[in-house]
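Asker: Sending over target_39.txt (compact mmCIF, C-alpha atoms (C1' of nucleotides) and all ligand atoms).
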```txt
# COMPACT_ATOMS: atom_id res chain seq x y z
CA MET A 1 -32.55 13.78 2.97
CA LYS A 2 -35.07 13.31 5.74
CA PRO A 3 -34.86 15.96 8.45
CA HIS A 4 -34.98 13.60 11.39
CA VAL A 5 -32.20 11.49 9.96
CA HIS A 6 -30.23 14.64 9.46
CA GLN A 7 -30.86 15.74 13.01
CA GLU A 8 -29.98 12.38 14.43
CA ARG A 9 -26.69 12.29 12.62
CA LEU A 10 -25.95 15.89 13.39
CA SER A 11 -26.40 15.53 17.10
CA GLU A 12 -24.28 12.41 17.15
CA LEU A 13 -21.61 14.25 15.25
CA ASN A 14 -21.90 17.27 17.50
CA GLU A 15 -21.40 15.18 20.59
CA LYS A 16 -18.19 13.70 19.40
CA LEU A 17 -16.79 16.73 17.64
CA ARG A 18 -17.62 19.57 19.99
CA GLN A 19 -15.55 18.07 22.75
CA LYS A 20 -12.44 18.41 20.66
CA SER A 21 -13.11 21.86 19.27
CA ARG A 22 -13.87 20.35 15.90
CA LYS A 23 -16.54 21.69 13.60
CA VAL A 24 -19.60 20.08 12.11
CA THR A 25 -19.18 20.92 8.45
CA ALA A 26 -21.10 20.03 5.32
CA PRO A 27 -18.31 17.88 3.86
CA ARG A 28 -18.03 15.85 7.04
CA GLN A 29 -21.76 15.30 7.21
CA ALA A 30 -21.83 14.29 3.56
CA ILE A 31 -19.01 11.80 4.04
CA LEU A 32 -20.68 10.20 7.03
CA ASP A 33 -23.91 9.96 5.06
CA VAL A 34 -22.13 8.05 2.34
CA LEU A 35 -20.55 5.67 4.83
CA ARG A 36 -23.93 5.10 6.45
CA LYS A 37 -25.35 3.80 3.22
CA HIS A 38 -22.66 1.20 2.67
CA ARG A 39 -21.92 -1.90 4.67
CA HIS A 40 -18.50 -2.57 3.17
CA PRO A 41 -15.32 -0.52 3.33
CA LEU A 42 -15.01 2.29 0.79
CA THR A 43 -11.94 3.95 -0.67
CA ASN A 44 -11.64 7.71 -0.55
CA LYS A 45 -12.05 7.83 -4.29
CA GLU A 46 -15.24 5.77 -4.07
CA ILE A 47 -16.63 8.14 -1.48
CA PHE A 48 -15.66 11.04 -3.70
CA ALA A 49 -17.38 9.46 -6.71
CA VAL A 50 -20.62 8.91 -4.83
CA LEU A 51 -20.72 12.45 -3.49
CA PRO A 52 -22.59 15.07 -5.56
CA PRO A 53 -20.12 17.03 -7.71
CA GLY A 54 -18.67 20.03 -5.92
CA GLU A 55 -19.87 18.78 -2.57
CA CYS A 56 -16.42 18.04 -1.24
CA ASP A 57 -12.84 18.06 -2.43
CA LEU A 58 -10.87 14.81 -2.54
CA ALA A 59 -8.20 16.30 -0.30
CA THR A 60 -10.88 17.12 2.22
CA ILE A 61 -11.99 13.51 2.20
CA TYR A 62 -8.45 12.39 2.97
CA ARG A 63 -8.24 14.88 5.81
CA SER A 64 -11.65 13.94 7.12
CA MET A 65 -10.93 10.24 7.14
CA HIS A 66 -7.79 10.81 9.17
CA MET A 67 -9.75 12.84 11.65
CA LEU A 68 -12.65 10.41 11.83
CA GLU A 69 -10.21 7.56 12.32
CA SER A 70 -8.40 9.38 15.10
CA MET A 71 -11.68 9.88 16.91
CA ARG A 72 -12.69 6.27 16.34
CA MET A 73 -15.69 7.03 14.17
CA VAL A 74 -14.36 5.04 11.21
CA GLN A 75 -12.16 1.99 10.93
CA ARG A 76 -9.42 1.76 8.33
CA PHE A 77 -8.83 -1.46 6.40
CA ASP A 78 -6.10 -2.54 4.02
CA PHE A 79 -6.91 -5.06 1.32
CA GLY A 80 -3.35 -5.13 0.07
CA ASP A 81 -3.91 -3.16 -3.12
CA GLY A 82 -2.27 0.00 -1.90
CA THR A 83 -5.53 1.85 -1.25
CA ALA A 84 -6.99 2.57 2.16
CA ARG A 85 -10.61 1.65 2.83
CA TYR A 86 -12.88 2.93 5.56
CA GLU A 87 -16.01 1.69 7.28
CA LEU A 88 -18.26 3.47 9.73
CA ILE A 89 -17.94 2.16 13.27
CA CYS A 90 -21.30 1.21 14.74
CA GLU A 91 -22.50 2.15 18.20
CA GLY A 92 -20.92 0.14 20.96
CA ASP A 93 -18.49 -1.53 18.60
CA ASP A 94 -14.74 -1.12 18.44
CA GLY A 95 -14.76 -1.60 14.67
CA HIS A 96 -12.36 -4.52 14.74
CA HIS A 97 -13.34 -7.22 12.27
CA HIS A 98 -12.21 -8.92 9.08
CA HIS A 99 -13.23 -9.57 5.47
CA LEU A 100 -13.22 -12.25 2.83
CA ILE A 101 -12.45 -10.67 -0.53
CA CYS A 102 -12.85 -12.22 -3.96
CA THR A 103 -9.61 -11.80 -5.88
CA ARG A 104 -11.47 -11.87 -9.18
CA CYS A 105 -14.46 -9.54 -8.75
CA SER A 106 -13.60 -7.85 -5.45
CA GLU A 107 -16.83 -8.90 -3.77
CA VAL A 108 -16.53 -8.45 -0.01
CA LEU A 109 -17.95 -10.60 2.78
CA GLU A 110 -17.97 -9.30 6.31
CA ILE A 111 -16.45 -11.75 8.78
CA GLU A 112 -17.66 -11.68 12.33
CA ASP A 113 -15.38 -14.25 13.86
CA CYS A 114 -12.10 -13.05 15.25
CA PHE A 115 -9.68 -15.74 16.09
CA PRO A 116 -6.33 -14.36 16.74
CA VAL A 117 -7.27 -12.66 19.99
CA ALA A 118 -6.21 -15.86 21.70
CA LEU A 119 -2.98 -16.03 19.77
CA GLU A 120 -2.52 -12.35 20.47
CA LYS A 121 -2.40 -12.98 24.21
CA LYS A 122 0.06 -15.79 23.81
CA LEU A 123 2.22 -13.66 21.57
CA ALA A 124 2.19 -10.77 24.01
CA GLU A 125 3.28 -13.05 26.83
CA ASP A 126 5.99 -14.80 24.88
CA SER A 127 7.44 -11.69 23.28
CA GLY A 128 6.99 -9.10 25.98
CA PHE A 129 5.16 -6.84 23.53
CA LYS A 130 2.25 -4.80 24.86
CA PHE A 131 -0.90 -3.40 23.25
CA VAL A 132 -0.82 -6.19 20.69
CA THR A 133 -3.40 -5.97 17.93
CA HIS A 134 -3.70 -7.55 14.51
CA LYS A 135 -4.85 -7.00 10.96
CA LEU A 136 -6.32 -9.99 9.17
CA GLU A 137 -8.02 -10.31 5.80
CA PHE A 138 -9.03 -13.40 3.85
CA PHE A 139 -8.84 -13.78 0.09
CA GLY A 140 -10.39 -16.33 -2.27
CA VAL A 141 -12.57 -16.88 -5.29
CA CYS A 142 -16.29 -16.34 -4.81
CA PRO A 143 -18.91 -18.77 -6.15
CA LYS A 144 -19.82 -16.53 -9.09
CA CYS A 145 -16.22 -16.30 -10.22
CA GLN A 146 -15.48 -20.00 -9.94
CA GLY A 147 -17.03 -20.75 -13.31
CA LYS A 148 -14.07 -19.72 -15.36
CA MET B 1 31.89 -13.79 -2.36
CA LYS B 2 32.92 -17.39 -1.98
CA PRO B 3 32.88 -19.35 -5.24
CA HIS B 4 30.96 -22.34 -3.94
CA VAL B 5 28.25 -20.12 -2.49
CA HIS B 6 28.01 -18.42 -5.82
CA GLN B 7 27.75 -21.74 -7.60
CA GLU B 8 25.15 -23.06 -5.24
CA ARG B 9 22.94 -20.06 -5.68
CA LEU B 10 23.52 -19.92 -9.39
CA SER B 11 22.48 -23.50 -9.99
CA GLU B 12 19.40 -23.06 -7.86
CA LEU B 13 18.51 -19.97 -9.82
CA ASN B 14 19.22 -21.70 -13.09
CA GLU B 15 16.88 -24.52 -12.30
CA LYS B 16 13.95 -22.27 -11.62
CA LEU B 17 14.63 -19.69 -14.30
CA ARG B 18 15.68 -21.72 -17.30
CA GLN B 19 12.38 -23.50 -17.49
CA LYS B 20 10.61 -20.21 -18.15
CA SER B 21 13.08 -18.73 -20.63
CA ARG B 22 14.25 -16.34 -17.98
CA LYS B 23 17.82 -15.22 -17.63
CA VAL B 24 20.25 -15.47 -14.76
CA THR B 25 21.50 -11.91 -14.56
CA ALA B 26 23.86 -10.07 -12.25
CA PRO B 27 21.11 -7.87 -10.76
CA ARG B 28 18.95 -10.89 -9.96
CA GLN B 29 21.82 -12.71 -8.32
CA ALA B 30 22.72 -9.63 -6.34
CA ILE B 31 19.15 -9.19 -5.11
CA LEU B 32 18.88 -12.80 -4.01
CA ASP B 33 22.19 -12.44 -2.22
CA VAL B 34 20.84 -9.53 -0.25
CA LEU B 35 17.67 -11.40 0.68
CA ARG B 36 19.77 -14.37 1.78
CA LYS B 37 21.54 -12.28 4.35
CA HIS B 38 18.38 -11.00 6.02
CA ARG B 39 15.79 -12.87 8.05
CA HIS B 40 13.14 -10.17 7.98
CA PRO B 41 11.22 -8.70 5.05
CA LEU B 42 12.99 -5.92 3.16
CA THR B 43 11.56 -3.07 1.12
CA ASN B 44 12.80 -2.52 -2.41
CA LYS B 45 14.47 0.66 -1.28
CA GLU B 46 16.24 -1.19 1.51
CA ILE B 47 17.52 -3.76 -0.94
CA PHE B 48 18.63 -0.95 -3.21
CA ALA B 49 20.44 0.78 -0.36
CA VAL B 50 22.35 -2.36 0.61
CA LEU B 51 23.42 -3.11 -2.95
CA PRO B 52 26.80 -1.71 -4.10
CA PRO B 53 26.24 1.54 -6.03
CA GLY B 54 25.62 0.98 -9.72
CA GLU B 55 24.98 -2.70 -9.19
CA CYS B 56 21.29 -2.51 -10.00
CA ASP B 57 18.68 0.09 -10.80
CA LEU B 58 15.73 0.56 -8.45
CA ALA B 59 13.31 -0.09 -11.31
CA THR B 60 15.06 -3.37 -11.95
CA ILE B 61 14.54 -4.33 -8.33
CA TYR B 62 10.83 -3.66 -8.65
CA ARG B 63 10.68 -5.76 -11.80
CA SER B 64 12.76 -8.52 -10.26
CA MET B 65 10.60 -8.75 -7.17
CA HIS B 66 7.50 -9.14 -9.28
CA MET B 67 9.14 -11.92 -11.21
CA LEU B 68 10.55 -13.64 -8.15
CA GLU B 69 7.15 -13.43 -6.49
CA SER B 70 5.40 -14.90 -9.51
CA MET B 71 7.77 -17.85 -9.44
CA ARG B 72 7.39 -18.28 -5.70
CA MET B 73 10.96 -17.50 -4.82
CA VAL B 74 10.01 -14.58 -2.58
CA GLN B 75 7.00 -13.82 -0.43
CA ARG B 76 5.48 -10.37 -0.32
CA PHE B 77 4.29 -8.84 2.94
CA ASP B 78 2.32 -5.73 3.74
CA PHE B 79 2.89 -4.01 7.07
CA GLY B 80 0.26 -1.39 6.34
CA ASP B 81 2.62 1.50 5.70
CA GLY B 82 2.15 1.55 1.96
CA THR B 83 5.44 -0.14 1.15
CA ALA B 84 5.84 -3.71 -0.03
CA ARG B 85 8.31 -5.96 1.76
CA TYR B 86 9.84 -9.19 0.54
CA GLU B 87 11.41 -12.21 2.14
CA LEU B 88 13.19 -15.13 0.52
CA ILE B 89 11.20 -18.35 0.56
CA CYS B 90 13.18 -21.20 2.04
CA GLU B 91 13.42 -24.66 0.57
CA GLY B 92 10.35 -26.80 1.11
CA ASP B 93 8.40 -23.88 2.52
CA ASP B 94 5.45 -22.07 1.01
CA GLY B 95 6.52 -18.79 2.56
CA HIS B 96 3.26 -18.27 4.43
CA HIS B 97 3.80 -16.83 7.89
CA HIS B 98 3.22 -13.75 10.00
CA HIS B 99 5.01 -11.03 11.95
CA LEU B 100 4.76 -9.01 15.11
CA ILE B 101 5.87 -5.46 14.42
CA CYS B 102 6.69 -2.76 16.96
CA THR B 103 4.74 0.36 16.07
CA ARG B 104 7.39 2.55 17.70
CA CYS B 105 10.73 1.25 16.45
CA SER B 106 9.62 -1.12 13.67
CA GLU B 107 11.37 -4.12 15.19
CA VAL B 108 10.09 -7.31 13.59
CA LEU B 109 9.48 -10.71 15.17
CA GLU B 110 8.86 -13.71 12.97
CA ILE B 111 5.75 -15.65 13.99
CA GLU B 112 5.67 -19.35 13.30
CA ASP B 113 2.15 -20.13 14.43
CA CYS B 114 -0.61 -19.85 11.88
CA PHE B 115 -4.05 -19.98 13.34
CA PRO B 116 -6.50 -18.97 10.77
CA VAL B 117 -6.05 -22.07 8.63
CA ALA B 118 -8.81 -23.63 10.70
CA LEU B 119 -11.04 -20.60 10.35
CA GLU B 120 -10.12 -20.52 6.69
CA LYS B 121 -11.69 -23.93 6.13
CA LYS B 122 -14.83 -22.96 7.96
CA LEU B 123 -15.06 -19.75 5.98
CA ALA B 124 -14.64 -21.55 2.69
CA GLU B 125 -17.42 -23.97 3.57
CA ASP B 126 -19.82 -21.34 4.82
CA SER B 127 -19.24 -18.88 2.02
CA GLY B 128 -18.65 -21.13 -0.97
CA PHE B 129 -15.38 -19.34 -1.68
CA LYS B 130 -12.49 -21.44 -2.95
CA PHE B 131 -8.71 -21.12 -2.72
CA VAL B 132 -9.11 -19.16 0.50
CA THR B 133 -5.92 -17.69 1.96
CA HIS B 134 -5.21 -14.95 4.45
CA LYS B 135 -2.88 -12.16 5.33
CA LEU B 136 -2.25 -11.55 9.02
CA GLU B 137 0.14 -9.26 10.84
CA PHE B 138 0.39 -8.34 14.50
CA PHE B 139 1.31 -4.95 15.89
CA GLY B 140 2.35 -3.84 19.34
CA VAL B 141 4.97 -2.10 21.44
CA CYS B 142 8.19 -3.98 22.02
CA PRO B 143 9.88 -4.22 25.44
CA LYS B 144 12.52 -1.63 24.57
CA CYS B 145 9.93 0.91 23.52
CA GLN B 146 7.68 0.46 26.54
CA GLY B 147 9.80 2.73 28.71
CA LYS B 148 8.37 5.97 27.42
C1' DA C 1 34.37 -18.18 -31.07
C1' DT C 2 30.73 -15.50 -33.23
C1' DG C 3 26.13 -14.22 -34.56
C1' DT C 4 21.21 -14.12 -33.67
C1' DT C 5 17.40 -13.20 -30.90
C1' DA C 6 14.58 -12.41 -27.26
C1' DA C 7 14.94 -11.13 -22.42
C1' DT C 8 16.64 -7.60 -19.49
C1' DT C 9 18.43 -3.25 -18.03
C1' DG C 10 19.06 1.77 -17.00
C1' DC C 11 17.14 6.03 -17.26
C1' DA C 12 13.64 9.25 -17.40
C1' DA C 13 9.04 10.20 -17.53
C1' DA C 14 4.41 8.71 -16.18
C1' DT C 15 1.04 6.96 -12.67
C1' DC C 16 -1.38 6.57 -8.42
C1' DA C 17 -2.42 7.29 -3.75
C1' DT C 18 -1.73 10.47 -0.40
C1' DT C 19 -0.05 14.81 1.74
C1' DT C 20 0.72 19.65 2.24
C1' DG C 21 1.00 24.99 1.72
C1' DC C 22 -1.79 28.72 1.61
C1' DA C 23 -5.23 32.05 0.91
C1' DA C 24 -10.22 32.11 1.15
C1' DT C 25 -14.22 30.52 3.70
C1' DG C 26 -17.18 29.03 7.39
C1' DC C 27 -18.42 27.32 12.17
C1' DA C 28 -18.82 28.39 17.11
C1' DT C 29 -19.08 31.45 20.58
C1' DA C 30 -19.25 35.98 22.68
C1' DT D 1 -23.08 40.77 14.28
C1' DA D 2 -18.05 40.44 15.11
C1' DT D 3 -13.95 37.67 16.14
C1' DG D 4 -10.88 33.78 16.02
C1' DC D 5 -9.57 29.55 14.87
C1' DA D 6 -10.87 25.35 12.26
C1' DT D 7 -11.65 23.90 7.75
C1' DT D 8 -11.77 23.94 2.77
C1' DG D 9 -10.50 24.06 -2.18
C1' DC D 10 -7.00 24.11 -5.25
C1' DA D 11 -2.66 23.26 -6.90
C1' DA D 12 1.73 21.68 -6.19
C1' DA D 13 4.67 18.30 -3.65
C1' DT D 14 5.63 13.56 -2.13
C1' DG D 15 6.58 8.73 -2.20
C1' DA D 16 5.92 4.25 -4.01
C1' DT D 17 5.51 1.91 -8.06
C1' DT D 18 5.13 1.40 -13.13
C1' DT D 19 6.27 2.01 -17.87
C1' DG D 20 8.37 3.34 -22.65
C1' DC D 21 12.29 2.83 -25.08
C1' DA D 22 16.81 2.43 -26.81
C1' DA D 23 21.00 0.06 -25.39
C1' DT D 24 22.80 -4.18 -23.36
C1' DT D 25 23.32 -8.99 -22.51
C1' DA D 26 22.36 -13.99 -21.58
C1' DA D 27 21.20 -18.21 -23.96
C1' DC D 28 21.78 -20.95 -27.60
C1' DA D 29 22.61 -22.23 -32.44
C1' DT D 30 25.78 -21.80 -35.78
MN MN E 201 -16.32 -4.58 7.24
MN MN E 202 9.07 -13.20 7.91
ZN ZN E 203 -9.49 -10.03 14.59
ZN ZN E 204 -1.36 -17.76 8.56
```
Take the structure in this file and express it as structure tokens.
Answerer:
Amino acid sequence: MKPHVHQERLSELNEKLRQKSRKVTAPRQAILDVLRKHRHPLTNKEIFAVLPPGECDLATIYRSMHMLESMRMVQRFDFGDGTARYELICEGDDGHHHHLICTRCSEVLEIEDCFPVALEKKLAEDSGFKFVTHKLEFFGVCPKCQGK
Amino acid sequence: MKPHVHQERLSELNEKLRQKSRKVTAPRQAILDVLRKHRHPLTNKEIFAVLPPGECDLATIYRSMHMLESMRMVQRFDFGDGTARYELICEGDDGHHHHLICTRCSEVLEIEDCFPVALEKKLAEDSGFKFVTHKLEFFGVCPKCQGK
DNA sequence: ATGTTAATTGCAAATCATTTGCAATGCATA
DNA sequence: TATGCATTGCAAATGATTTGCAATTAACAT
């Protein structure tokens, strides 16, 4: 890959990792590179499949995603099929957003709007709950799949 | 259990099952009885635990829930912990609703409001998707758990 | 009431995603 | 370069769910 891209990523990684006595390793760099190239959430197995053979063990990907999630570098999503998906969190973004998923071909649309924040507040007040968040995903049939 | 309750449930079951050459069996009746007694979603294991020993195999519960879901007698929910939960669908209801779950003690509050229907329409128009639905769950810390 | 037949069940083994133990390896810092 | 702790690969363990199959049973026609 291009050196400057590598450097850029590395320094960004360094920043966030060094503070927590975490190491910048080849597997972690490789995983972040994969996530960079995709705009939609990926499963661990998908990341593993994209990675050059022998580059990184699947168990390492699982461990890495947990770590990256805990340090807010990736956001975890659940499409209801029993498999976790992860997306890189962009600069100055909290990662919170939603998707519209085709139930036939699994195409994914990124959804910018986030409604329930308003409802969230109301819920928190009414229920006495604090730190209220939500998970929301939309499902439907995409234009291509509507034919049959 | 009381005879008339049994009859009531049995006839309701009969109605829905007979049409599809499905059988009214003891395990299915027992499972529905358990769901009747609970207002919040239950996992298959929870249903299994409540059932009298030897009443029904866990695999049978899994199979029954699939069937009951396919005939719209139960609604499946996903709280993001990798375990499916099911709730009985009441008469004249489509089962669609949401929850507010305490991330500390797992207490569940049923949420009546459903926002995203409006957003759903807009999404469908903008994207060309059809049959758009959504899954939405809220998470937070309940009053009891806020102490520490 | 009894027989026929297809649906259903229990049980064990198989799957699938995810986690974990542990010895070997590799980063960060002195 | 040496040291120490984080990290990795690999294999085995877990936990939820599914599945194959022979035995059982509900539904319905004798
Ligand atoms: Mn996304
Ligand atoms: Mn509910
Ligand atoms: Zn949102
Ligand atoms: Zn809703």
Asker: Could you do a least-squares fit of chain B on chain A over every C-alpha atom, in sequence order, and give the output as a JSON list (two decimals) with C-alpha atoms, keeping the file's coordinate frame?
Answerer:
```
[["chain", "number", "residue", "atom", "x", "y", "z"],
["B", 1, "MET", "CA", -32.68, 13.86, 3.14],
["B", 2, "LYS", "CA", -35.18, 13.42, 5.92],
["B", 3, "PRO", "CA", -34.93, 16.07, 8.64],
["B", 4, "HIS", "CA", -34.96, 13.69, 11.58],
["B", 5, "VAL", "CA", -32.19, 11.59, 10.07],
["B", 6, "HIS", "CA", -30.21, 14.74, 9.59],
["B", 7, "GLN", "CA", -30.82, 15.77, 13.17],
["B", 8, "GLU", "CA", -29.91, 12.40, 14.54],
["B", 9, "ARG", "CA", -26.63, 12.32, 12.71],
["B", 10, "LEU", "CA", -25.89, 15.92, 13.47],
["B", 11, "SER", "CA", -26.31, 15.53, 17.20],
["B", 12, "GLU", "CA", -24.18, 12.42, 17.21],
["B", 13, "LEU", "CA", -21.51, 14.26, 15.31],
["B", 14, "ASN", "CA", -21.80, 17.26, 17.57],
["B", 15, "GLU", "CA", -21.24, 15.19, 20.65],
["B", 16, "LYS", "CA", -18.02, 13.70, 19.41],
["B", 17, "LEU", "CA", -16.67, 16.76, 17.65],
["B", 18, "ARG", "CA", -17.45, 19.61, 19.99],
["B", 19, "GLN", "CA", -15.33, 18.19, 22.74],
["B", 20, "LYS", "CA", -12.24, 18.53, 20.57],
["B", 21, "SER", "CA", -12.93, 21.98, 19.15],
["B", 22, "ARG", "CA", -13.77, 20.41, 15.84],
["B", 23, "LYS", "CA", -16.45, 21.70, 13.55],
["B", 24, "VAL", "CA", -19.53, 20.07, 12.13],
["B", 25, "THR", "CA", -19.17, 20.90, 8.46],
["B", 26, "ALA", "CA", -21.14, 20.04, 5.35],
["B", 27, "PRO", "CA", -18.36, 17.89, 3.86],
["B", 28, "ARG", "CA", -18.04, 15.86, 7.06],
["B", 29, "GLN", "CA", -21.76, 15.29, 7.26],
["B", 30, "ALA", "CA", -21.87, 14.30, 3.62],
["B", 31, "ILE", "CA", -19.04, 11.80, 4.05],
["B", 32, "LEU", "CA", -20.67, 10.19, 7.06],
["B", 33, "ASP", "CA", -23.90, 9.97, 5.11],
["B", 34, "VAL", "CA", -22.16, 8.06, 2.38],
["B", 35, "LEU", "CA", -20.55, 5.66, 4.84],
["B", 36, "ARG", "CA", -23.92, 5.10, 6.49],
["B", 37, "LYS", "CA", -25.37, 3.80, 3.27],
["B", 38, "HIS", "CA", -22.68, 1.19, 2.69],
["B", 39, "ARG", "CA", -21.91, -1.96, 4.64],
["B", 40, "HIS", "CA", -18.50, -2.59, 3.12],
["B", 41, "PRO", "CA", -15.32, -0.52, 3.29],
["B", 42, "LEU", "CA", -15.06, 2.30, 0.76],
["B", 43, "THR", "CA", -12.00, 3.96, -0.73],
["B", 44, "ASN", "CA", -11.70, 7.73, -0.61],
["B", 45, "LYS", "CA", -12.15, 7.84, -4.34],
["B", 46, "GLU", "CA", -15.32, 5.78, -4.08],
["B", 47, "ILE", "CA", -16.70, 8.15, -1.49],
["B", 48, "PHE", "CA", -15.75, 11.05, -3.72],
["B", 49, "ALA", "CA", -17.47, 9.46, -6.70],
["B", 50, "VAL", "CA", -20.72, 8.92, -4.80],
["B", 51, "LEU", "CA", -20.81, 12.46, -3.45],
["B", 52, "PRO", "CA", -22.74, 15.07, -5.50],
["B", 53, "PRO", "CA", -20.28, 17.04, -7.66],
["B", 54, "GLY", "CA", -18.82, 20.04, -5.88],
["B", 55, "GLU", "CA", -19.98, 18.78, -2.52],
["B", 56, "CYS", "CA", -16.51, 18.04, -1.23],
["B", 57, "ASP", "CA", -12.94, 18.06, -2.46],
["B", 58, "LEU", "CA", -10.98, 14.81, -2.58],
["B", 59, "ALA", "CA", -8.29, 16.31, -0.36],
["B", 60, "THR", "CA", -10.95, 17.14, 2.18],
["B", 61, "ILE", "CA", -12.06, 13.52, 2.16],
["B", 62, "TYR", "CA", -8.52, 12.39, 2.89],
["B", 63, "ARG", "CA", -8.27, 14.88, 5.74],
["B", 64, "SER", "CA", -11.68, 13.94, 7.08],
["B", 65, "MET", "CA", -10.93, 10.24, 7.10],
["B", 66, "HIS", "CA", -7.78, 10.83, 9.10],
["B", 67, "MET", "CA", -9.73, 12.84, 11.61],
["B", 68, "LEU", "CA", -12.62, 10.41, 11.79],
["B", 69, "GLU", "CA", -10.17, 7.56, 12.25],
["B", 70, "SER", "CA", -8.33, 9.36, 15.03],
["B", 71, "MET", "CA", -11.61, 9.85, 16.87],
["B", 72, "ARG", "CA", -12.65, 6.26, 16.29],
["B", 73, "MET", "CA", -15.64, 7.03, 14.15],
["B", 74, "VAL", "CA", -14.32, 5.03, 11.19],
["B", 75, "GLN", "CA", -12.13, 1.98, 10.88],
["B", 76, "ARG", "CA", -9.43, 1.75, 8.26],
["B", 77, "PHE", "CA", -8.81, -1.46, 6.34],
["B", 78, "ASP", "CA", -6.09, -2.54, 3.97],
["B", 79, "PHE", "CA", -6.91, -5.07, 1.27],
["B", 80, "GLY", "CA", -3.35, -5.11, 0.00],
["B", 81, "ASP", "CA", -3.94, -3.16, -3.19],
["B", 82, "GLY", "CA", -2.33, 0.03, -1.99],
["B", 83, "THR", "CA", -5.58, 1.86, -1.33],
["B", 84, "ALA", "CA", -7.04, 2.58, 2.08],
["B", 85, "ARG", "CA", -10.65, 1.65, 2.76],
["B", 86, "TYR", "CA", -12.91, 2.92, 5.50],
["B", 87, "GLU", "CA", -16.02, 1.68, 7.22],
["B", 88, "LEU", "CA", -18.24, 3.45, 9.72],
["B", 89, "ILE", "CA", -17.91, 2.15, 13.26],
["B", 90, "CYS", "CA", -21.26, 1.22, 14.73],
["B", 91, "GLU", "CA", -22.45, 2.15, 18.18],
["B", 92, "GLY", "CA", -20.90, 0.11, 20.96],
["B", 93, "ASP", "CA", -18.47, -1.54, 18.58],
["B", 94, "ASP", "CA", -14.72, -1.12, 18.38],
["B", 95, "GLY", "CA", -14.75, -1.62, 14.63],
["B", 96, "HIS", "CA", -12.36, -4.56, 14.70],
["B", 97, "HIS", "CA", -13.31, -7.26, 12.22],
["B", 98, "HIS", "CA", -12.20, -8.96, 9.04],
["B", 99, "HIS", "CA", -13.21, -9.61, 5.44],
["B", 100, "LEU", "CA", -13.15, -12.27, 2.79],
["B", 101, "ILE", "CA", -12.39, -10.70, -0.56],
["B", 102, "CYS", "CA", -12.77, -12.27, -4.00],
["B", 103, "THR", "CA", -9.52, -11.82, -5.89],
["B", 104, "ARG", "CA", -11.37, -11.90, -9.21],
["B", 105, "CYS", "CA", -14.36, -9.60, -8.79],
["B", 106, "SER", "CA", -13.53, -7.88, -5.49],
["B", 107, "GLU", "CA", -16.75, -8.96, -3.82],
["B", 108, "VAL", "CA", -16.49, -8.49, -0.07],
["B", 109, "LEU", "CA", -17.90, -10.65, 2.73],
["B", 110, "GLU", "CA", -17.93, -9.34, 6.26],
["B", 111, "ILE", "CA", -16.42, -11.80, 8.74],
["B", 112, "GLU", "CA", -17.68, -11.74, 12.29],
["B", 113, "ASP", "CA", -15.37, -14.30, 13.83],
["B", 114, "CYS", "CA", -12.09, -13.08, 15.24],
["B", 115, "PHE", "CA", -9.69, -15.82, 16.07],
["B", 116, "PRO", "CA", -6.36, -14.36, 16.73],
["B", 117, "VAL", "CA", -7.36, -12.68, 19.98],
["B", 118, "ALA", "CA", -6.33, -15.90, 21.70],
["B", 119, "LEU", "CA", -3.05, -16.06, 19.82],
["B", 120, "GLU", "CA", -2.63, -12.37, 20.51],
["B", 121, "LYS", "CA", -2.55, -12.99, 24.26],
["B", 122, "LYS", "CA", -0.05, -15.78, 23.90],
["B", 123, "LEU", "CA", 2.12, -13.63, 21.67],
["B", 124, "ALA", "CA", 2.05, -10.75, 24.10],
["B", 125, "GLU", "CA", 3.12, -13.02, 26.94],
["B", 126, "ASP", "CA", 5.87, -14.75, 25.02],
["B", 127, "SER", "CA", 7.30, -11.64, 23.43],
["B", 128, "GLY", "CA", 6.80, -9.02, 26.13],
["B", 129, "PHE", "CA", 5.00, -6.79, 23.64],
["B", 130, "LYS", "CA", 2.06, -4.77, 24.93],
["B", 131, "PHE", "CA", -1.09, -3.39, 23.32],
["B", 132, "VAL", "CA", -0.96, -6.18, 20.76],
["B", 133, "THR", "CA", -3.52, -5.99, 17.96],
["B", 134, "HIS", "CA", -3.77, -7.56, 14.54],
["B", 135, "LYS", "CA", -4.86, -7.01, 11.00],
["B", 136, "LEU", "CA", -6.32, -9.99, 9.17],
["B", 137, "GLU", "CA", -7.97, -10.34, 5.79],
["B", 138, "PHE", "CA", -8.96, -13.41, 3.82],
["B", 139, "PHE", "CA", -8.77, -13.81, 0.07],
["B", 140, "GLY", "CA", -10.28, -16.34, -2.28],
["B", 141, "VAL", "CA", -12.45, -16.92, -5.32],
["B", 142, "CYS", "CA", -16.16, -16.40, -4.88],
["B", 143, "PRO", "CA", -18.79, -18.83, -6.22],
["B", 144, "LYS", "CA", -19.67, -16.60, -9.17],
["B", 145, "CYS", "CA", -16.07, -16.35, -10.28],
["B", 146, "GLN", "CA", -15.31, -20.05, -10.01],
["B", 147, "GLY", "CA", -16.85, -20.83, -13.38],
["B", 148, "LYS", "CA", -13.87, -19.78, -15.43]]
```
Asker: Residues within 6 Å of ligand MN 202 (chain E) should be enumerated using all atoms listed in the file and returned as a CSV table (one decimal) with C-alpha atoms, in the frame of the given file.
Answerer:
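File part.csv, as written:
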```
chain,number,residue,atom,x,y,z
B,40,HIS,CA,13.1,-10.2,8.0
B,41,PRO,CA,11.2,-8.7,5.0
B,110,GLU,CA,8.9,-13.7,13.0
```
Asker: Using only C-alpha atoms (C1' of nucleotides), determine which residues lie at most 10 Å from stretch 15-29 of chain D, disregarding the query and same-chain residues fewer than 6 positions distant; provide the list as a VMD selection string.
Answerer: (chain A and resid 82) or (chain B and resid 18 21 to 25 44 to 45 59 62 to 63 82 to 84) or (chain C and resid 3 to 19)
